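Structure data follow from upload_17.txt (compact mmCIF, C-alpha atoms):
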# COMPACT_ATOMS: atom_id res chain seq x y z
CA MET A 1 86.28 115.00 -43.60
CA PRO A 2 88.13 115.02 -46.89
CA ASP A 3 87.08 111.43 -47.42
CA ASP A 4 83.80 113.00 -48.50
CA GLU A 5 85.23 115.47 -51.02
CA THR A 6 84.02 113.32 -53.91
CA LYS A 7 80.47 113.59 -52.56
CA ILE A 8 80.83 117.35 -52.68
CA LEU A 9 82.34 117.56 -56.10
CA ALA A 10 80.24 114.94 -57.87
CA PRO A 11 77.16 117.14 -58.32
CA ALA A 12 79.19 120.30 -58.91
CA ALA A 13 81.66 119.25 -61.58
CA GLU A 14 80.70 117.99 -65.03
CA PRO A 15 83.04 115.42 -66.67
CA ARG A 16 85.09 116.69 -69.55
CA ALA A 17 84.69 114.39 -72.52
CA ALA A 18 87.76 115.65 -74.35
CA ALA A 19 90.00 115.32 -71.30
CA ASP A 20 88.69 111.84 -70.58
CA ALA A 21 89.36 110.78 -74.16
CA ALA A 22 92.93 112.08 -74.05
CA ARG A 23 93.67 110.57 -70.65
CA PRO A 24 95.32 107.11 -70.74
CA GLN A 25 92.86 104.46 -69.60
CA PRO A 26 94.03 102.00 -66.93
CA ALA A 27 94.00 98.27 -67.57
CA ALA A 28 91.03 96.21 -66.41
CA TRP A 29 93.06 94.46 -63.71
CA THR A 30 94.22 97.83 -62.43
CA VAL A 31 90.64 99.06 -62.10
CA LYS A 32 89.69 95.97 -60.09
CA LEU A 33 92.75 96.39 -57.91
CA VAL A 34 91.89 100.05 -57.30
CA MET A 35 88.36 99.06 -56.31
CA ALA A 36 89.69 96.52 -53.81
CA GLY A 37 92.21 99.04 -52.51
CA ILE A 38 89.55 101.72 -52.02
CA VAL A 39 87.24 99.38 -50.11
CA LEU A 40 90.01 97.97 -47.91
CA ALA A 41 91.40 101.42 -47.18
CA ALA A 42 87.95 102.79 -46.30
CA VAL A 43 87.31 99.96 -43.86
CA ASN A 44 90.50 100.97 -42.03
CA LEU A 45 89.81 104.70 -41.70
CA ARG A 46 87.95 104.56 -38.35
CA PRO A 47 88.86 101.42 -36.29
CA ALA A 48 91.82 103.28 -34.74
CA ILE A 49 89.26 105.66 -33.20
CA THR A 50 86.24 103.49 -32.36
CA SER A 51 88.25 100.53 -31.04
CA LEU A 52 89.83 102.87 -28.51
CA GLY A 53 86.45 104.22 -27.45
CA ALA A 54 85.27 100.70 -26.61
CA LEU A 55 88.31 100.07 -24.35
CA LEU A 56 88.96 103.57 -23.05
CA GLU A 57 88.43 102.59 -19.41
CA GLU A 58 90.95 99.74 -19.65
CA VAL A 59 93.47 101.96 -21.45
CA ARG A 60 93.12 104.68 -18.80
CA ASP A 61 93.62 102.19 -15.98
CA GLY A 62 96.49 100.42 -17.73
CA LEU A 63 98.42 103.61 -18.46
CA GLY A 64 97.39 105.53 -15.34
CA MET A 65 95.75 108.12 -17.56
CA SER A 66 93.66 110.91 -16.05
CA GLY A 67 90.31 112.00 -17.43
CA SER A 68 91.92 115.17 -18.79
CA ILE A 69 94.59 113.22 -20.66
CA ALA A 70 91.91 110.87 -21.99
CA GLY A 71 90.15 113.98 -23.25
CA VAL A 72 93.34 115.01 -25.04
CA LEU A 73 93.42 111.55 -26.62
CA THR A 74 89.88 111.93 -27.96
CA SER A 75 90.82 115.36 -29.37
CA VAL A 76 93.79 113.99 -31.33
CA PRO A 77 91.76 112.73 -34.36
CA PRO A 78 90.36 116.11 -35.47
CA LEU A 79 93.72 117.78 -34.78
CA CYS A 80 95.51 115.28 -37.01
CA PHE A 81 92.84 115.56 -39.69
CA ALA A 82 93.19 119.35 -39.72
CA VAL A 83 97.00 119.39 -39.75
CA PHE A 84 97.98 116.43 -41.90
CA GLY A 85 95.03 116.62 -44.30
CA VAL A 86 96.28 120.01 -45.52
CA MET A 87 99.59 118.40 -46.54
CA SER A 88 98.00 115.72 -48.72
CA PRO A 89 97.56 117.62 -52.02
CA ARG A 90 101.19 118.75 -51.98
CA LEU A 91 102.41 115.22 -51.23
CA ALA A 92 100.21 113.86 -54.02
CA ARG A 93 101.63 116.31 -56.56
CA ARG A 94 105.16 115.22 -55.68
CA PHE A 95 104.79 111.46 -55.21
CA GLY A 96 101.41 110.59 -56.74
CA PRO A 97 98.21 109.93 -54.78
CA GLY A 98 98.54 106.14 -54.96
CA ALA A 99 101.96 106.24 -53.30
CA VAL A 100 100.74 108.58 -50.57
CA VAL A 101 97.70 106.41 -49.79
CA CYS A 102 100.01 103.38 -49.67
CA ALA A 103 102.20 105.24 -47.17
CA GLY A 104 99.05 106.15 -45.24
CA MET A 105 98.06 102.49 -44.91
CA VAL A 106 101.59 101.68 -43.70
CA ALA A 107 101.34 104.49 -41.12
CA ILE A 108 97.98 103.18 -39.88
CA THR A 109 99.38 99.66 -39.54
CA ALA A 110 102.52 100.83 -37.75
CA GLY A 111 100.58 103.09 -35.40
CA LEU A 112 98.14 100.32 -34.45
CA VAL A 113 101.01 97.88 -33.84
CA ILE A 114 103.09 100.29 -31.76
CA ARG A 115 100.29 102.00 -29.81
CA PRO A 116 99.29 99.25 -27.36
CA PHE A 117 102.89 98.38 -26.50
CA ALA A 118 104.36 101.90 -26.36
CA GLY A 119 104.75 101.59 -22.58
CA GLY A 120 103.43 104.98 -21.49
CA THR A 121 100.91 107.71 -22.17
CA ALA A 122 103.29 109.81 -24.32
CA GLY A 123 104.17 106.84 -26.52
CA PHE A 124 100.51 105.86 -26.79
CA LEU A 125 99.60 109.38 -27.94
CA ALA A 126 102.48 109.49 -30.44
CA ALA A 127 101.58 106.11 -31.96
CA SER A 128 97.93 107.16 -32.15
CA ALA A 129 99.00 110.32 -33.99
CA LEU A 130 100.99 108.19 -36.46
CA ALA A 131 97.93 106.08 -37.29
CA LEU A 132 95.75 109.18 -37.53
CA MET A 133 98.26 110.82 -39.87
CA GLY A 134 97.81 107.89 -42.23
CA ILE A 135 94.05 108.22 -41.94
CA ALA A 136 94.18 111.96 -42.64
CA VAL A 137 96.15 111.73 -45.90
CA SER A 138 94.02 108.81 -47.09
CA ASN A 139 90.84 110.74 -46.28
CA VAL A 140 91.86 113.45 -48.69
CA LEU A 141 93.36 111.42 -51.52
CA MET A 142 91.17 108.37 -51.93
CA PRO A 143 88.30 110.44 -53.42
CA VAL A 144 90.82 111.88 -55.88
CA ILE A 145 91.72 108.34 -56.95
CA VAL A 146 88.01 107.52 -57.26
CA LYS A 147 87.66 110.49 -59.60
CA ARG A 148 90.68 109.37 -61.64
CA TYR A 149 89.78 105.71 -62.11
CA PHE A 150 85.97 105.95 -62.07
CA PRO A 151 85.09 109.30 -63.70
CA ASP A 152 81.71 108.02 -64.87
CA ARG A 153 80.87 106.21 -61.61
CA VAL A 154 81.86 108.74 -58.98
CA GLY A 155 78.49 108.51 -57.22
CA SER A 156 78.31 104.73 -57.03
CA MET A 157 81.95 104.34 -56.03
CA THR A 158 81.58 107.03 -53.39
CA GLY A 159 78.56 105.18 -52.07
CA LEU A 160 80.59 101.97 -51.90
CA TYR A 161 83.41 103.87 -50.21
CA SER A 162 81.02 105.41 -47.66
CA MET A 163 79.45 102.06 -46.83
CA ALA A 164 82.87 100.47 -46.33
CA LEU A 165 83.90 103.34 -44.06
CA ALA A 166 80.73 103.04 -41.95
CA LEU A 167 81.15 99.26 -41.83
CA GLY A 168 84.70 99.54 -40.52
CA THR A 169 83.56 102.08 -37.92
CA ALA A 170 80.77 99.85 -36.68
CA LEU A 171 82.79 96.62 -36.74
CA ALA A 172 85.54 98.07 -34.57
CA ALA A 173 82.99 99.38 -32.08
CA ALA A 174 81.10 96.08 -31.89
CA LEU A 175 83.94 93.53 -32.03
CA THR A 176 86.78 95.09 -30.02
CA VAL A 177 85.49 93.98 -26.62
CA PRO A 178 84.63 90.40 -27.70
CA LEU A 179 88.01 90.10 -29.42
CA THR A 180 89.71 91.37 -26.27
CA ASP A 181 87.88 88.77 -24.17
CA GLY A 182 88.81 86.06 -26.64
CA LEU A 183 92.48 87.09 -26.47
CA GLY A 184 92.64 86.64 -22.71
CA GLY A 185 91.29 90.02 -21.64
CA SER A 186 94.36 92.02 -22.71
CA TRP A 187 93.35 95.47 -23.92
CA ARG A 188 96.72 95.74 -25.64
CA LEU A 189 95.98 92.75 -27.86
CA GLY A 190 92.38 93.93 -28.32
CA LEU A 191 93.61 97.20 -29.79
CA GLY A 192 96.58 95.74 -31.65
CA VAL A 193 94.56 93.12 -33.51
CA TRP A 194 93.17 95.80 -35.84
CA ALA A 195 96.66 96.25 -37.28
CA ALA A 196 96.17 92.94 -39.12
CA LEU A 197 93.23 94.37 -41.08
CA ALA A 198 95.24 97.50 -41.89
CA ALA A 199 98.17 95.37 -43.09
CA VAL A 200 95.90 93.64 -45.61
CA ALA A 201 94.94 97.05 -47.02
CA ILE A 202 98.58 97.79 -47.88
CA LEU A 203 98.82 94.97 -50.43
CA PRO A 204 96.77 96.37 -53.34
CA TRP A 205 98.36 99.80 -52.93
CA ILE A 206 101.87 98.36 -53.24
CA ALA A 207 100.91 97.08 -56.69
CA LEU A 208 99.20 100.37 -57.59
CA VAL A 209 102.29 102.42 -56.75
CA LYS A 210 103.91 100.85 -59.83
CA ASP A 211 100.97 101.89 -62.02
CA ARG A 212 102.15 105.01 -63.85
CA SER A 213 98.64 106.11 -64.83
CA VAL A 214 98.63 108.16 -61.65
CA THR A 215 101.99 109.82 -61.18
CA ALA A 216 103.33 112.95 -59.60
CA ALA A 217 103.40 114.58 -63.03
CA ASN A 218 99.80 113.95 -64.04
CA ALA A 219 98.12 113.45 -60.66
CA PRO A 220 94.67 114.98 -60.37
CA ASP A 221 94.31 118.11 -58.34
CA ALA A 222 92.00 118.58 -55.37
CA ALA A 223 89.01 118.59 -57.67
CA GLY A 224 90.01 115.35 -59.31
CA LYS A 225 91.10 116.94 -62.60
CA ALA A 226 94.45 116.71 -64.29
CA PRO A 227 96.07 120.14 -64.39
CA GLY A 228 96.01 121.88 -67.74
CA ALA A 229 96.54 125.28 -69.27
CA ALA A 230 93.02 126.45 -68.45
CA ASP A 231 93.37 125.32 -64.86
CA ARG A 232 96.71 127.08 -64.50
CA ALA A 233 95.22 130.25 -65.92
CA ARG A 234 92.35 130.10 -63.46
CA SER A 235 94.72 129.47 -60.56
CA GLN A 236 96.61 132.63 -61.47
CA ALA A 237 93.46 134.75 -61.51
CA PRO A 238 92.74 136.74 -58.34
CA ALA A 239 90.28 134.88 -56.11
CA ARG A 240 87.68 136.49 -53.93
CA ARG A 241 88.29 136.19 -50.22
CA ILE A 242 86.12 133.35 -48.97
CA THR A 243 86.52 134.62 -45.42
CA SER A 244 84.27 137.56 -46.32
CA SER A 245 81.31 135.22 -46.87
CA PRO A 246 78.91 134.75 -43.92
CA THR A 247 77.67 131.52 -45.49
CA ALA A 248 81.23 130.12 -45.59
CA TRP A 249 81.67 130.89 -41.89
CA ALA A 250 78.28 129.40 -41.05
CA LEU A 251 79.23 126.21 -42.89
CA ALA A 252 82.63 126.08 -41.15
CA CYS A 253 81.01 126.47 -37.73
CA PHE A 254 78.32 123.90 -38.54
CA PHE A 255 80.95 121.46 -39.76
CA GLY A 256 83.04 122.03 -36.64
CA LEU A 257 80.17 121.62 -34.19
CA GLN A 258 78.88 118.43 -35.82
CA ALA A 259 82.45 117.07 -35.81
CA THR A 260 82.68 117.95 -32.12
CA ALA A 261 79.54 115.92 -31.41
CA ALA A 262 80.79 113.01 -33.51
CA TYR A 263 84.20 112.73 -31.82
CA ILE A 264 82.70 113.14 -28.35
CA THR A 265 80.31 110.31 -29.22
CA MET A 266 83.04 108.02 -30.59
CA GLY A 267 85.40 108.75 -27.72
CA TRP A 268 83.10 108.92 -24.71
CA MET A 269 79.68 107.34 -25.34
CA PRO A 270 80.75 103.77 -24.41
CA GLN A 271 82.17 105.08 -21.13
CA ILE A 272 78.90 106.90 -20.36
CA PHE A 273 76.97 103.66 -20.75
CA ARG A 274 79.52 101.64 -18.79
CA ASP A 275 79.42 104.06 -15.89
CA ALA A 276 75.63 103.65 -15.92
CA GLY A 277 76.00 99.88 -15.40
CA VAL A 278 75.94 98.67 -19.00
CA SER A 279 78.45 95.91 -19.76
CA ALA A 280 81.52 96.67 -21.85
CA GLY A 281 80.35 94.42 -24.69
CA THR A 282 76.90 96.01 -24.81
CA ALA A 283 78.41 99.51 -24.67
CA GLY A 284 80.49 98.65 -27.72
CA LEU A 285 77.39 97.38 -29.52
CA LEU A 286 75.55 100.60 -28.67
CA LEU A 287 78.36 102.62 -30.24
CA ALA A 288 78.20 100.33 -33.27
CA VAL A 289 74.47 101.02 -33.59
CA THR A 290 75.15 104.76 -33.50
CA MET A 291 77.84 104.49 -36.16
CA VAL A 292 75.95 102.13 -38.47
CA MET A 293 73.06 104.59 -38.77
CA GLY A 294 75.32 106.50 -41.14
CA VAL A 295 75.12 103.73 -43.76
CA PRO A 296 71.52 104.22 -44.95
CA LEU A 297 71.14 107.87 -43.97
CA ALA A 298 74.29 108.91 -45.83
CA PHE A 299 72.38 108.08 -49.03
CA VAL A 300 68.96 109.42 -48.02
CA ILE A 301 69.88 112.78 -46.48
CA PRO A 302 72.03 114.18 -49.32
CA ARG A 303 69.39 113.27 -51.91
CA LEU A 304 66.65 114.87 -49.83
CA ALA A 305 68.74 117.97 -49.11
CA SER A 306 69.65 118.46 -52.77
CA ARG A 307 65.96 118.68 -53.67
CA MET A 308 65.31 121.44 -51.13
CA LYS A 309 66.26 125.08 -51.62
CA ASN A 310 66.63 125.54 -47.87
CA GLN A 311 68.12 122.75 -45.76
CA GLY A 312 67.19 124.39 -42.45
CA PRO A 313 64.34 121.95 -41.67
CA ILE A 314 66.72 118.98 -41.93
CA VAL A 315 69.19 120.75 -39.64
CA VAL A 316 66.45 121.25 -37.06
CA ALA A 317 65.21 117.65 -37.30
CA LEU A 318 68.69 116.19 -36.83
CA GLY A 319 69.43 118.60 -33.99
CA ALA A 320 66.18 117.66 -32.25
CA CYS A 321 67.19 113.98 -32.38
CA GLY A 322 70.48 114.93 -30.74
CA LEU A 323 68.83 116.93 -27.98
CA ILE A 324 66.41 114.09 -27.19
CA GLY A 325 69.29 111.61 -27.18
CA TYR A 326 71.32 113.73 -24.77
CA ALA A 327 68.30 114.20 -22.52
CA GLY A 328 67.90 110.44 -22.45
CA LEU A 329 71.57 109.93 -21.57
CA TYR A 330 71.14 112.37 -18.68
CA LEU A 331 67.86 111.01 -17.29
CA ALA A 332 67.98 107.26 -18.00
CA PRO A 333 71.29 106.25 -19.64
CA SER A 334 70.82 102.51 -19.15
CA GLY A 335 67.02 102.27 -19.26
CA GLY A 336 66.65 103.58 -22.80
CA SER A 337 70.20 103.02 -24.02
CA TRP A 338 69.22 101.54 -27.41
CA ALA A 339 66.85 104.42 -28.15
CA TRP A 340 69.48 107.02 -27.23
CA ALA A 341 72.07 105.27 -29.41
CA LEU A 342 69.69 105.32 -32.38
CA LEU A 343 68.79 108.98 -31.89
CA LEU A 344 72.42 110.05 -31.58
CA GLY A 345 73.21 108.02 -34.69
CA VAL A 346 70.58 109.98 -36.60
CA SER A 347 71.92 113.25 -35.21
CA ASN A 348 75.46 112.38 -36.29
CA CYS A 349 74.22 112.31 -39.88
CA SER A 350 74.65 116.08 -39.84
CA PHE A 351 78.01 115.15 -41.39
CA PRO A 352 76.72 114.15 -44.87
CA LEU A 353 74.28 117.06 -44.67
CA ALA A 354 77.17 119.48 -44.12
CA LEU A 355 78.99 118.06 -47.14
CA THR A 356 75.89 118.34 -49.30
CA MET A 357 75.40 121.97 -48.31
CA ILE A 358 79.04 122.72 -49.15
CA GLY A 359 78.37 121.43 -52.66
CA MET A 360 75.25 123.58 -52.99
CA ARG A 361 76.66 126.86 -51.68
CA SER A 362 78.84 127.65 -54.71
CA ARG A 363 78.06 127.98 -58.40
CA SER A 364 81.40 126.62 -59.65
CA GLY A 365 83.58 123.59 -59.12
CA ALA A 366 86.52 125.79 -58.13
CA GLY A 367 84.32 127.55 -55.59
CA VAL A 368 83.24 124.23 -54.11
CA VAL A 369 86.86 123.19 -53.67
CA ARG A 370 87.73 126.46 -51.90
CA LEU A 371 84.64 126.26 -49.72
CA SER A 372 85.30 122.63 -48.88
CA ALA A 373 88.89 123.31 -47.86
CA PHE A 374 87.90 126.33 -45.76
CA ALA A 375 84.89 124.72 -44.06
CA GLN A 376 86.63 121.42 -43.27
CA SER A 377 89.98 122.79 -42.10
CA THR A 378 88.35 125.50 -39.99
CA GLY A 379 85.71 123.06 -38.77
CA TYR A 380 88.20 120.46 -37.59
CA LEU A 381 90.10 123.15 -35.69
CA ILE A 382 86.85 124.21 -34.02
CA SER A 383 86.14 120.61 -32.99
CA ILE A 384 89.43 120.02 -31.14
CA PRO A 385 88.53 121.45 -27.69
CA GLY A 386 85.19 119.62 -27.31
CA PRO A 387 86.34 116.08 -26.42
CA LEU A 388 89.09 117.52 -24.21
CA LEU A 389 86.61 119.68 -22.29
CA VAL A 390 84.34 116.68 -21.78
CA GLY A 391 87.24 114.80 -20.19
CA VAL A 392 88.10 117.72 -17.90
CA LEU A 393 84.47 118.13 -16.76
CA TYR A 394 84.14 114.38 -16.19
CA GLN A 395 87.29 114.25 -14.07
CA HIS A 396 86.52 117.29 -11.94
CA SER A 397 82.77 116.74 -11.48
CA GLY A 398 83.01 112.98 -10.93
CA GLY A 399 79.99 112.27 -13.14
CA TRP A 400 78.40 112.76 -16.52
CA GLY A 401 75.86 115.48 -15.70
CA LEU A 402 78.01 118.45 -16.72
CA PRO A 403 79.58 116.79 -19.79
CA ILE A 404 76.16 115.79 -21.13
CA ALA A 405 74.88 119.31 -20.46
CA LEU A 406 77.82 120.61 -22.50
CA MET A 407 76.99 118.24 -25.38
CA ALA A 408 73.36 119.38 -25.38
CA GLY A 409 74.40 123.01 -25.09
CA LEU A 410 76.64 122.75 -28.16
CA MET A 411 73.74 121.35 -30.16
CA VAL A 412 71.89 124.69 -29.89
CA PRO A 413 74.48 126.79 -31.79
CA GLN A 414 74.92 123.88 -34.21
CA ILE A 415 71.24 124.18 -35.13
CA ALA A 416 71.50 127.98 -35.37
CA VAL A 417 74.51 128.08 -37.70
CA GLY A 418 73.11 125.13 -39.66
CA ILE A 419 69.97 127.14 -40.40
CA LEU A 420 72.14 130.03 -41.62
CA ALA A 421 74.27 127.68 -43.74
CA GLY A 422 71.20 126.07 -45.25
CA ARG A 423 69.80 129.27 -46.77
CA ASP A 424 69.40 129.37 -50.56
CA ARG A 425 72.45 131.45 -51.48
CA THR A 426 76.01 131.00 -52.73
CA ILE A 427 79.36 132.34 -51.56
CA GLU A 428 79.71 134.19 -54.88
CA ASP A 429 76.73 136.32 -53.84
CA GLU A 430 78.50 137.41 -50.66
CA SER A 431 82.29 137.40 -51.08

As structure tokens, how would this structure be written, given the file I've shared?
Amino acid sequence: MPDDETKILAPAAEPRAAADAARPQPAAWTVKLVMAGIVLAAVNLRPAITSLGALLEEVRDGLGMSGSIAGVLTSVPPLCFAVFGVMSPRLARRFGPGAVVCAGMVAITAGLVIRPFAGGTAGFLAASALALMGIAVSNVLMPVIVKRYFPDRVGSMTGLYSMALALGTALAAALTVPLTDGLGGSWRLGLGVWAALAAVAILPWIALVKDRSVTAANAPDAAGKAPGAADRARSQAPARRITSSPTAWALACFFGLQATAAYITMGWMPQIFRDAGVSAGTAGLLLAVTMVMGVPLAFVIPRLASRMKNQGPIVVALGACGLIGYAGLYLAPSGGSWAWALLLGVSNCSFPLALTMIGMRSRSGAGVVRLSAFAQSTGYLISIPGPLLVGVLYQHSGGWGLPIALMAGLMVPQIAVGILAGRDRTIEDES
């Protein structure tokens, strides 16, 4: 997801001392406010998705939603990320990244407030799309702001950002059901309560919009650099077609298949456990366990992968965890639920691996940006049908056998294209 672009660019782009010296330095209070804004925004980038997964059964019953429509709902996040994320750089150039992130936080808050009380399935989907639009633009632009305000601490700030994002994901999964019970059992209030957290995240960004150190005129580009004469000259030079690179396509397919698995997990895993007899609260905790595995492994896997010329063995290891987890869900979903949640959490860490490989598959910063945009946009488009197909199979088969078989089946090509993407070569060698 674009929220990880800083992770990609950090090892690939060297800071420019002259540019940093010429760039106006923000005040100390501004830096602290940016740090608070980044953390609060990151915490709010996933609760709209994981809170819904924990209460999907209640939402379906309350709105009279079929399994197929529920599948559409779980496919909305990657669709919004693919569509609205592309618009973010253009919006940032016109209005400034701080203003766009502020608008994104407002959109998340509004979507979370409107969604539970929209009164029908169409309104629920539209309000969800509004919140996800805010998430999409913030995903892309917050790493750019990290690069602008913390040019010498990109790694540590990205780590803080990633931890906050994983924390928000896990908290929404674990607390939505208990909060719903505490609010009288209303799923509408249980979903709507997360708007309060999003509203808090708006406050620092309102102040930052007035900070002219990041404006439409001098906003960093997608690589986090202020545009200059050299950059304009490079942008006018003819670029090789990235679509002619087999490695770029392998990365795009790997990114798309791992995103498919992630959104199926966030959208459907609690329902799988609940249908197996696990309580709603425990199912939410199991999803939280799966999500929280990304906190430590997001640091370990990229460092390990960057020391290896070929990342294929890591791809195979993560894929094997996924296959074992799916087999467990099929054979004994309630008996070994905690083990399956842990294994699927490890498997979902193919996400930071994909981002690390994107950073290693080009020799230049500009190449990394092009590869990142191609792999992520194409990958999110690839991931859209998966959650929808799971919903259709669940509705028409009346059980989870076929959907789980589909999940396991998709893991096989994910491993295959991941091995191809992990080979020690760059897109410049191919395109």

What lies within 6 Å of range 34-50 of chain A using all atoms listed in the file, ignoring chain neighbours under 6 positions off, as a PDB file with C-alpha atoms, in the coordinates of the input?
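Result file result08.pdb:
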ATOM      1  CA  ILE A 135      94.050 108.220 -41.940  1.00  0.00           C
ATOM      2  CA  TYR A 161      83.410 103.870 -50.210  1.00  0.00           C
ATOM      3  CA  ALA A 164      82.870 100.470 -46.330  1.00  0.00           C
ATOM      4  CA  LEU A 165      83.900 103.340 -44.060  1.00  0.00           C
ATOM      5  CA  GLY A 168      84.700  99.540 -40.520  1.00  0.00           C
ATOM      6  CA  THR A 169      83.560 102.080 -37.920  1.00  0.00           C
ATOM      7  CA  ALA A 172      85.540  98.070 -34.570  1.00  0.00           C
ATOM      8  CA  ALA A 173      82.990  99.380 -32.080  1.00  0.00           C
ATOM      9  CA  ALA A 198      95.240  97.500 -41.890  1.00  0.00           C
ATOM     10  CA  ALA A 201      94.940  97.050 -47.020  1.00  0.00           C
ATOM     11  CA  PRO A 204      96.770  96.370 -53.340  1.00  0.00           C
ATOM     12  CA  MET A 266      83.040 108.020 -30.590  1.00  0.00           C
TER      13      MET A 266
END

Next item on the list: Would you mind telling me which residue in A:Ala375, A:Pro403, A:Gly367, A:Ala54 lies nearest to Tyr330 in chain A when using only C-alpha atoms?
Entry: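 Selected residue with least distance to Tyr330 in chain A: A:Pro403.
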
Next item on the list: Please indicate the distance in Å from CA of Gly182 in chain A to CA of Gln271 in chain A, rounded to one decimal place.
Entry: 20.9 Å

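For the pair CA of Ala288 in chain A and CA of Asn348 in chain A, the separation is 12.7 Å.
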
Notebook entry, point to check: What is the distance between CA of Phe255 in chain A and CA of Gly67 in chain A, in Å to one decimal?
Noted result: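 Computing the Euclidean distance for CA of Phe255 in chain A and CA of Gly67 in chain A yields 26.0 Å.
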
Note to self: Nearest residue to Gly104 in chain A out of A:Ala199, A:Val146, A:Ala416, A:Leu179, using all atoms listed in the file?
What the structure shows: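 Looking only at the distances to Gly104 in chain A, the closest residue turns out to be A:Ala199.
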
Notebook entry, point to check: Which of these residues is nearest to Pro313 in chain A, using all atoms listed in the file: A:Gly418, A:Phe254, A:Ala131, A:Pro333?
Noted result: A:Gly418

Notebook entry, point to check: In terms of the shortest atom-to-atom distance over all atoms listed in the file, which of A:Leu410, A:Ala305, A:Met357, A:Leu343 is closest to Ile427 in chain A?
Noted result: A:Met357

Check: Could you pull the residues within 7 Å of Ala250 in chain A, counting all atoms listed in the file, minus those fewer than 5 positions along the same chain, as number ranges by chain?
Finding: A: 417-418, 420-421
